[in-house]
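Visitor: First, the structure itself, so that you have it in front of you.
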Amino acid sequence: MRHFGHIPSATRTGLFHREPAEFTADSPARTLATALGATLYSPATRPRLADDIRKQAARGVVSMVLCLEDSIGDADVKAGEANLVRQFADLAGATGPGADGTATDAGGGTGVPLLFIRVRDPRQITDLTARLGETVRLLSGFVLPKFTESRGHAFLEALTQAERTSGRRLFAMPVLESPELLHLETRAETLAGIASITDKYRDRVLALRLGVTDFCSVYGLRRSPDMTAYDVKIVANVIADVVNVLGRSDGTGFTITGPVWEYFRPGERMFKPQLRRSPFLEGRAEDLRTALIEHDLDGLLREIELDRANGLLGKTCIHPTHVVPVHALSVVSHEEWSDAQDVLRPEQGGGGVLRSAYTNKMNEVKPHRAWAERTLQRAEVFGVAKEDVGFVDLLTAGLAG
């Protein structure tokens with residue numbers, strides 16, 4: 001897998017100063033946590049789920065969650081489990097293990113994205129792992145809902161058992177969405193408990209996900225397409241506290257992913273046809289912004305930028321049209337890369353202040369070191385854009401690919 005791997009090689013060469021690196025489901029956890037990008041959710045009951053997964057992989061999706069929880073009705077859980085077993089068998093029939101054990105398609109390319117199953121109950125983890133049999137090689141892990149210390153122990157123990165019996169490395173992605181985390185009087189204790197249990201199972205926790213829709217539901221709130229999660233102050237306060245406790249850059253923190261954007265237009269064609277045919281039209285930025293506003297995605301772009309400014313990386317997505325904007329805004333700009341390189345030069349180990357090569361800012365070596373390290377990690381998996389390449393170019397190339 002690689003980000004923007006679905007676009008032609010010649011196009012990538014024209015866009016990137018440093019192209020995104022390839023990775024597999026067996027890459028180091030730090031790489032995978034950064035590479036998750038736009039994680040697309042899909043109900044586990046979809047009758048052509050295997051085809052959907054292959055289609056989305058061909059469009060640049062690198063991580064998906066197959067949901068047995070809130071996206072399906074209580075009466076459909078058993079049918080969803082059975083469907084997952086069938087669909088994994090379908091996927092496995094079109095793929096084979098590569099030299100490193102990663103699933104590849106008949107042409108040698110990656111056959112499936114990183115796949116995670118969102119469960120309701122810890123017993124589903126061991127049960128589904130056993131029922132998947134040999135096709136468990138296509139599974140990267142499980143998403144754990146309503147995660148707290150008390151609920152999380154059983155989930156993580158079940159994951160450990162499933163990993164042991166299957167012989168497959170499996171990751172957990174806990175979802176932080178419980179009322180105890182939202183309510184002020186229980187928040188500090190809840191965060192401390194989550195920090196304790198995730199530290200105990202650190203090697204198994206790939207990333208932490210935020211369930212902002214559940215946060216809003218506790219107070220009967222729902223943000224409009226003109227507002228980001230950060231405009232809902234009660235939600236913004238929780239995000240800040242989660243990052244404060246669980247997203248530190250001192251080695252104790254985890255990757256924390258951005259909240260879901262709920263709005264989309266019917267159908268999958270996000271932009272006007274002329275933009276898709278001619279991505280380098282004169283005046284394309286203004287036309288593109290108009291198209292974004294028409295499709296309720298102006299707010300999405302603002303929220304992605306605010307996610308990163310607040311310490312989040314990647315995003316939960318519930319519609320395919322959200323994927324390419326998330327990935328396009330995850331590419332490291334040439335200016336960011338240049339600053340990060342300067343900060344981390346060996347000769348700067350003693351600290352000091354440097355003028356940016358772009359002559360528009362000062363880079364302080366010690367305060368900016370953690371930022372620079374994170375930026376270069378993101379550059380590894382999302383690439384570094386050329387100096388004259390911006391978001392519009394990346395977005396239109398991603399759509400055309």
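Residues in the structure tokens are named by chain (A, B, ... in the order shown) and by number from 1 within that chain; ligands are numbered from 1 in the order shown.
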Can you list, as a ChimeraX atom specification, every protein, DNA or RNA residue that comes within 10 Å of Leu306 in chain A when you count only C-alpha atoms, leaving out same-chain residues fewer than 3 positions away?
Guide: /A:228-230,258,300-303,309-312
Visitor: List every residue of range 20-262 of chain A that DSSP, applied to the backbone of this structure, assigns to helix (DSSP H, G or I), and report them as a VMD selection string.
Guide: chain A and resid 29 to 35 49 to 58 74 to 93 122 to 138 149 to 166 179 to 182 184 to 200 202 to 204 212 to 218 229 to 231 233 to 246
Visitor: With a cut-off of 12 Å, could you pull out the residues of range 32-147 of chain A touching range 213-223 of chain A and give me the nearest pair of atoms for each, distance in Å to one decimal, using only C-alpha atoms, ordered by chain and ascending number, as a Markdown table?
Guide:
| residue | atom | partner | partner_atom | distance |
| --- | --- | --- | --- | --- |
| A:Asp70 | CA | A:Asp214 | CA | 10.2 |
| A:Pro145 | CA | A:Asp214 | CA | 10.6 |
| A:Lys146 | CA | A:Asp214 | CA | 9.1 |
Visitor: Ranking A:Leu138, A:Gly193, A:His183, A:Ala89 by minimum distance to Ser166 in chain A and counting only C-alpha atoms, which one comes first?
Guide: A:Leu138
Visitor: When you look at Trp261 in chain A with a cut-off of 9 Å (counting only C-alpha atoms), what residues show up, excluding the ones that are within fewer than 3 positions of it in the same chain? I need them as a ChimeraX atom specification.
Guide: /A:225,228-229,264,297,299-300,303,315-319,322
Visitor: Create the file for the chosen residues now, containing N, CA and C atoms and written as a JSON list (two decimals), in the first residue's frame.
Guide:
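In the end it all went to result.json:
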[["chain", "number", "residue", "atom", "x", "y", "z"],
["A", 225, "PRO", "N", -23.52, 21.82, 9.05],
["A", 225, "PRO", "CA", -22.38, 21.75, 8.13],
["A", 225, "PRO", "C", -21.55, 23.02, 8.10],
["A", 228, "THR", "N", -17.62, 23.30, 12.80],
["A", 228, "THR", "CA", -16.73, 22.18, 13.07],
["A", 228, "THR", "C", -16.96, 21.67, 14.49],
["A", 229, "ALA", "N", -16.35, 20.55, 14.81],
["A", 229, "ALA", "CA", -16.45, 20.03, 16.18],
["A", 229, "ALA", "C", -15.90, 21.02, 17.19],
["A", 264, "PHE", "N", -22.73, 14.91, 3.63],
["A", 264, "PHE", "CA", -22.34, 14.58, 2.26],
["A", 264, "PHE", "C", -23.55, 14.76, 1.36],
["A", 297, "LEU", "N", -18.60, 20.59, 2.00],
["A", 297, "LEU", "CA", -17.28, 20.13, 2.40],
["A", 297, "LEU", "C", -16.35, 21.26, 2.80],
["A", 299, "GLY", "N", -16.75, 23.02, 5.42],
["A", 299, "GLY", "CA", -16.59, 22.77, 6.85],
["A", 299, "GLY", "C", -15.66, 21.61, 7.13],
["A", 300, "LEU", "N", -15.71, 20.58, 6.30],
["A", 300, "LEU", "CA", -14.81, 19.43, 6.45],
["A", 300, "LEU", "C", -13.36, 19.88, 6.36],
["A", 303, "GLU", "N", -12.32, 21.67, 9.41],
["A", 303, "GLU", "CA", -12.18, 20.77, 10.56],
["A", 303, "GLU", "C", -10.90, 19.95, 10.47],
["A", 315, "LYS", "N", -8.69, 10.67, 10.21],
["A", 315, "LYS", "CA", -10.08, 11.05, 10.47],
["A", 315, "LYS", "C", -11.00, 9.88, 10.22],
["A", 316, "THR", "N", -12.04, 9.78, 11.03],
["A", 316, "THR", "CA", -13.12, 8.83, 10.77],
["A", 316, "THR", "C", -13.99, 9.37, 9.65],
["A", 317, "CYS", "N", -14.27, 8.54, 8.65],
["A", 317, "CYS", "CA", -15.07, 8.97, 7.49],
["A", 317, "CYS", "C", -16.22, 7.99, 7.27],
["A", 318, "ILE", "N", -17.38, 8.54, 6.92],
["A", 318, "ILE", "CA", -18.54, 7.69, 6.66],
["A", 318, "ILE", "C", -19.01, 7.80, 5.21],
["A", 319, "HIS", "N", -18.23, 8.50, 4.37],
["A", 319, "HIS", "CA", -18.59, 8.60, 2.96],
["A", 319, "HIS", "C", -17.32, 8.67, 2.12],
["A", 322, "HIS", "N", -15.17, 11.88, 1.30],
["A", 322, "HIS", "CA", -14.37, 12.55, 2.31],
["A", 322, "HIS", "C", -12.91, 12.10, 2.30]]
Visitor: May I ask which of the residues A:Asn360, A:Ala130, A:Ala33, A:Pro113 is the closest one to Ala57 in chain A, counting only C-alpha atoms?
Guide: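 Of A:Asn360, A:Ala130, A:Ala33, A:Pro113, the one nearest Ala57 in chain A is A:Pro113, counting only C-alpha atoms.
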Visitor: Which neighbours of range 205-207 of chain A fall inside 8 Å, counting only C-alpha atoms, when residues of the same chain fewer than 2 positions from it are skipped, and could you give them as a ChimeraX atom specification?
Guide: /A:29-30,32-33,171-174,198,201-203,209,254-257
Visitor: Kindly save the residues from that selection, with all heavy atoms included, as a CSV table (one decimal), in the first residue's frame.
Guide:
chain,number,residue,atom,x,y,z
A,29,ALA,N,4.1,-0.4,14.0
A,29,ALA,CA,2.9,0.2,14.5
A,29,ALA,C,2.9,1.7,14.3
A,29,ALA,O,1.9,2.3,14.0
A,29,ALA,CB,2.6,-0.2,16.0
A,30,ARG,N,4.0,2.3,14.6
A,30,ARG,CA,4.1,3.8,14.5
A,30,ARG,C,3.8,4.2,13.1
A,30,ARG,O,3.2,5.2,12.8
A,30,ARG,CB,5.5,4.2,14.9
A,30,ARG,CG,5.7,5.7,14.9
A,30,ARG,CD,7.0,6.1,15.6
A,30,ARG,NE,7.2,7.6,15.6
A,30,ARG,CZ,8.2,8.2,15.0
A,30,ARG,NH1,9.1,7.5,14.3
A,30,ARG,NH2,8.3,9.5,15.1
A,32,LEU,N,2.0,2.5,10.8
A,32,LEU,CA,0.6,2.3,10.5
A,32,LEU,C,-0.3,3.3,11.2
A,32,LEU,O,-1.3,3.7,10.6
A,32,LEU,CB,0.2,0.9,11.0
A,32,LEU,CG,0.9,-0.3,10.2
A,32,LEU,CD1,0.3,-1.6,10.7
A,32,LEU,CD2,0.7,-0.2,8.7
A,33,ALA,N,0.0,3.7,12.4
A,33,ALA,CA,-0.8,4.7,13.1
A,33,ALA,C,-0.9,6.0,12.4
A,33,ALA,O,-1.9,6.7,12.3
A,33,ALA,CB,-0.3,4.9,14.5
A,171,PHE,N,-4.4,-5.4,16.2
A,171,PHE,CA,-4.4,-4.1,16.9
A,171,PHE,C,-5.7,-3.8,17.4
A,171,PHE,O,-6.8,-4.2,16.8
A,171,PHE,CB,-3.9,-3.0,16.0
A,171,PHE,CG,-2.4,-3.1,15.7
A,171,PHE,CD1,-1.9,-3.4,14.5
A,171,PHE,CD2,-1.5,-2.8,16.8
A,171,PHE,CE1,-0.6,-3.4,14.2
A,171,PHE,CE2,-0.1,-2.9,16.5
A,171,PHE,CZ,0.4,-3.1,15.2
A,172,ALA,N,-5.8,-3.0,18.5
A,172,ALA,CA,-7.0,-2.4,19.0
A,172,ALA,C,-7.0,-0.9,18.6
A,172,ALA,O,-6.0,-0.2,18.7
A,172,ALA,CB,-7.1,-2.6,20.5
A,173,MET,N,-8.2,-0.4,18.3
A,173,MET,CA,-8.4,1.0,18.2
A,173,MET,C,-9.6,1.4,19.1
A,173,MET,O,-10.8,1.3,18.7
A,173,MET,CB,-8.7,1.5,16.7
A,173,MET,CG,-7.4,1.4,15.9
A,173,MET,SD,-7.4,2.4,14.4
A,173,MET,CE,-8.7,1.6,13.4
A,174,PRO,N,-9.4,1.7,20.3
A,174,PRO,CA,-10.4,2.1,21.2
A,174,PRO,C,-11.1,3.4,20.8
A,174,PRO,O,-10.5,4.3,20.3
A,174,PRO,CB,-9.7,2.3,22.6
A,174,PRO,CG,-8.4,1.6,22.5
A,174,PRO,CD,-8.1,1.7,21.0
A,198,THR,N,-4.5,1.6,28.6
A,198,THR,CA,-3.8,1.6,27.3
A,198,THR,C,-2.3,1.6,27.4
A,198,THR,O,-1.6,1.0,26.5
A,198,THR,CB,-4.2,2.9,26.5
A,198,THR,OG1,-4.0,4.1,27.3
A,198,THR,CG2,-5.7,2.9,26.1
A,201,TYR,N,-1.4,-2.1,27.8
A,201,TYR,CA,-1.5,-2.9,26.5
A,201,TYR,C,-1.0,-2.1,25.3
A,201,TYR,O,-1.4,-2.2,24.2
A,201,TYR,CB,-3.0,-3.2,26.2
A,201,TYR,CG,-3.6,-4.2,27.2
A,201,TYR,CD1,-4.2,-3.8,28.4
A,201,TYR,CD2,-3.5,-5.6,26.9
A,201,TYR,CE1,-4.8,-4.7,29.2
A,201,TYR,CE2,-4.1,-6.5,27.8
A,201,TYR,CZ,-4.7,-6.1,28.9
A,201,TYR,OH,-5.2,-7.0,29.8
A,202,ARG,N,0.0,-1.2,25.6
A,202,ARG,CA,0.6,-0.3,24.6
A,202,ARG,C,0.9,-0.9,23.3
A,202,ARG,O,0.6,-0.4,22.2
A,202,ARG,CB,1.8,0.4,25.2
A,202,ARG,CG,2.5,1.4,24.3
A,202,ARG,CD,3.5,2.2,25.0
A,202,ARG,NE,2.8,3.1,26.0
A,202,ARG,CZ,2.3,4.3,25.7
A,202,ARG,NH1,2.3,4.7,24.4
A,202,ARG,NH2,1.7,5.0,26.6
A,203,ASP,N,1.5,-2.1,23.3
A,203,ASP,CA,1.9,-2.7,22.1
A,203,ASP,C,0.7,-3.1,21.2
A,203,ASP,O,0.9,-3.4,20.0
A,203,ASP,CB,2.7,-4.0,22.3
A,203,ASP,CG,4.1,-3.6,22.9
A,203,ASP,OD1,4.5,-2.4,22.8
A,203,ASP,OD2,4.8,-4.5,23.5
A,209,ARG,N,-9.6,6.6,18.8
A,209,ARG,CA,-10.5,7.3,18.0
A,209,ARG,C,-11.5,8.1,18.9
A,209,ARG,O,-11.9,7.7,20.0
A,209,ARG,CB,-11.2,6.4,17.1
A,209,ARG,CG,-10.3,5.4,16.3
A,209,ARG,CD,-10.9,4.8,15.1
A,209,ARG,NE,-11.1,5.7,14.1
A,209,ARG,CZ,-10.1,6.0,13.1
A,209,ARG,NH1,-9.0,5.3,13.2
A,209,ARG,NH2,-10.3,6.9,12.2
A,254,PHE,N,-0.4,8.5,22.3
A,254,PHE,CA,-0.9,7.7,21.2
A,254,PHE,C,-1.3,8.6,20.1
A,254,PHE,O,-1.6,9.8,20.3
A,254,PHE,CB,-2.1,6.9,21.6
A,254,PHE,CG,-1.8,5.8,22.7
A,254,PHE,CD1,-1.9,6.2,24.0
A,254,PHE,CD2,-1.4,4.6,22.4
A,254,PHE,CE1,-1.6,5.3,25.0
A,254,PHE,CE2,-1.1,3.6,23.3
A,254,PHE,CZ,-1.2,4.0,24.7
A,255,THR,N,-1.4,8.1,18.9
A,255,THR,CA,-2.1,8.8,17.8
A,255,THR,C,-3.5,8.9,18.1
A,255,THR,O,-4.2,7.9,18.5
A,255,THR,CB,-1.9,8.0,16.4
A,255,THR,OG1,-0.5,8.1,16.1
A,255,THR,CG2,-2.7,8.6,15.3
A,256,ILE,N,-4.1,10.0,18.0
A,256,ILE,CA,-5.5,10.3,18.2
A,256,ILE,C,-6.1,10.8,16.9
A,256,ILE,O,-5.6,11.8,16.3
A,256,ILE,CB,-5.8,11.3,19.4
A,256,ILE,CG1,-5.1,10.8,20.6
A,256,ILE,CG2,-7.3,11.5,19.6
A,256,ILE,CD1,-5.1,11.8,21.8
A,257,THR,N,-7.2,10.1,16.4
A,257,THR,CA,-7.7,10.5,15.1
A,257,THR,C,-8.9,11.5,15.2
A,257,THR,O,-9.5,11.6,16.3
A,257,THR,CB,-8.2,9.2,14.4
A,257,THR,OG1,-9.3,8.6,15.1
A,257,THR,CG2,-7.1,8.2,14.3
Visitor: From the set A:Glu149, A:Asp127, A:Glu180, A:Asp231, which residue has the shortest atom-to-atom contact distance to Ile194 in chain A, counting only C-alpha atoms?
Guide: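 Answer, going by the shortest atom-to-atom distance: A:Glu149.
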Visitor: Kindly indicate which residue among A:Asp121, A:Asp342, A:Asp52, A:Glu335 lies nearest to Lys386 in chain A, using only C-alpha atoms for the distances.
Guide: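 Distance minimum relative to Lys386 in chain A lands on A:Glu335.
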Visitor: Contacts of Val343 in chain A at 9 Å or less, counting only C-alpha atoms, minus same-chain residues fewer than 6 places along, as an MDAnalysis selection string?
Guide: chainID A and resid 349 351 353:354 363:366 368:369 372
Visitor: So what do you get for CA of Glu134 in chain A versus CA of His6 in chain A, distance-wise?
Guide: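 These two atoms are separated by 27.7 Å.
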Visitor: For Val119 in chain A, find every residue with an atom within 9 Å (counting only C-alpha atoms), except residues of its own chain fewer than 5 positions away, and show them as a list in words.
Guide: Leu66, Cys67, Leu68, Glu69, Gln124, Ile125, Phe142, Val143, Leu144 and Pro145 of chain A
Visitor: Output C-alpha atoms of each residue in that selection to a file, as a PDB file, in the first residue's frame.
Guide:
ATOM      1  CA  LEU A  66     -16.442  -2.883   9.132  1.00  0.00           C
ATOM      2  CA  CYS A  67     -19.021  -2.006  11.734  1.00  0.00           C
ATOM      3  CA  LEU A  68     -21.127  -4.360  13.846  1.00  0.00           C
ATOM      4  CA  GLU A  69     -22.052  -1.652  16.333  1.00  0.00           C
ATOM      5  CA  GLN A 124     -17.117 -11.250  19.303  1.00  0.00           C
ATOM      6  CA  ILE A 125     -13.349 -10.766  19.027  1.00  0.00           C
ATOM      7  CA  PHE A 142     -10.687  -4.474  16.107  1.00  0.00           C
ATOM      8  CA  VAL A 143     -12.339  -1.177  17.016  1.00  0.00           C
ATOM      9  CA  LEU A 144     -13.512  -1.115  20.635  1.00  0.00           C
ATOM     10  CA  PRO A 145     -16.586   1.042  21.361  1.00  0.00           C
TER      11      PRO A 145
END
Visitor: If we count only C-alpha atoms, what is near Asn237 in chain A at a cut-off of 12 Å, once residues fewer than 2 positions away on the same chain are taken out, given as a PyMOL selection string?
Guide: chain A and resi 181-184+187+212+215+229-235+239-244+310
Visitor: Distance CA of Ala385 in chain A-CA of Glu19 in chain A, one decimal place?
Guide: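 CA of Glu19 in chain A lies 8.0 Å from CA of Ala385 in chain A.
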Visitor: Which of these residues is nearest to Arg131 in chain A, using only C-alpha atoms: A:Val112, A:Thr45, A:Glu81, A:Leu15?
Guide: A:Glu81
Visitor: Would you compute the distance between CA of Leu84 in chain A and CA of Leu114 in chain A? Give it in Å to one decimal.
Guide: 14.9 Å
Visitor: Step one, run DSSP on the backbone; step two, keep only residues of range 158-261 of chain A assigned to strand (DSSP E or B); then write them as a PyMOL selection string.
Guide: chain A and resi 171-176+205+208-210+256-258
Visitor: Hey, can you spit out that residue selection with N, CA and C atoms as a CSV table (one decimal), in the first residue's frame?
Guide:
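Heads up, here's the output in out_32.csv:
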chain,number,residue,atom,x,y,z
A,171,PHE,N,-4.4,-5.4,16.2
A,171,PHE,CA,-4.4,-4.1,16.9
A,171,PHE,C,-5.7,-3.8,17.4
A,172,ALA,N,-5.8,-3.0,18.5
A,172,ALA,CA,-7.0,-2.4,19.0
A,172,ALA,C,-7.0,-0.9,18.6
A,173,MET,N,-8.2,-0.4,18.3
A,173,MET,CA,-8.4,1.0,18.2
A,173,MET,C,-9.6,1.4,19.1
A,174,PRO,N,-9.4,1.7,20.3
A,174,PRO,CA,-10.4,2.1,21.2
A,174,PRO,C,-11.1,3.4,20.8
A,175,VAL,N,-12.4,3.5,21.0
A,175,VAL,CA,-13.2,4.7,20.6
A,175,VAL,C,-13.5,5.4,22.0
A,176,LEU,N,-13.1,6.6,22.1
A,176,LEU,CA,-13.4,7.4,23.3
A,176,LEU,C,-14.7,8.2,23.1
A,205,VAL,N,-2.3,-1.3,21.1
A,205,VAL,CA,-3.2,-0.1,20.8
A,205,VAL,C,-2.5,0.7,19.7
A,208,LEU,N,-6.1,5.9,19.1
A,208,LEU,CA,-7.4,6.2,19.8
A,208,LEU,C,-8.3,7.0,18.9
A,209,ARG,N,-9.6,6.6,18.8
A,209,ARG,CA,-10.5,7.3,18.0
A,209,ARG,C,-11.5,8.1,18.9
A,210,LEU,N,-12.0,9.2,18.4
A,210,LEU,CA,-12.9,10.1,19.1
A,210,LEU,C,-14.3,9.9,18.6
A,256,ILE,N,-4.1,10.0,18.0
A,256,ILE,CA,-5.5,10.3,18.2
A,256,ILE,C,-6.1,10.8,16.9
A,257,THR,N,-7.2,10.1,16.4
A,257,THR,CA,-7.7,10.5,15.1
A,257,THR,C,-8.9,11.5,15.2
A,258,GLY,N,-9.1,12.2,14.2
A,258,GLY,CA,-10.1,13.2,14.1
A,258,GLY,C,-11.5,12.7,14.1
Visitor: Find, counting only C-alpha atoms, the residue in A:Gly80, A:Gly167, A:Gly111, A:Gly390 that gets nearest to Leu128 in chain A.
Guide: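 The shortest atom-to-atom distance to Leu128 in chain A comes from A:Gly80.
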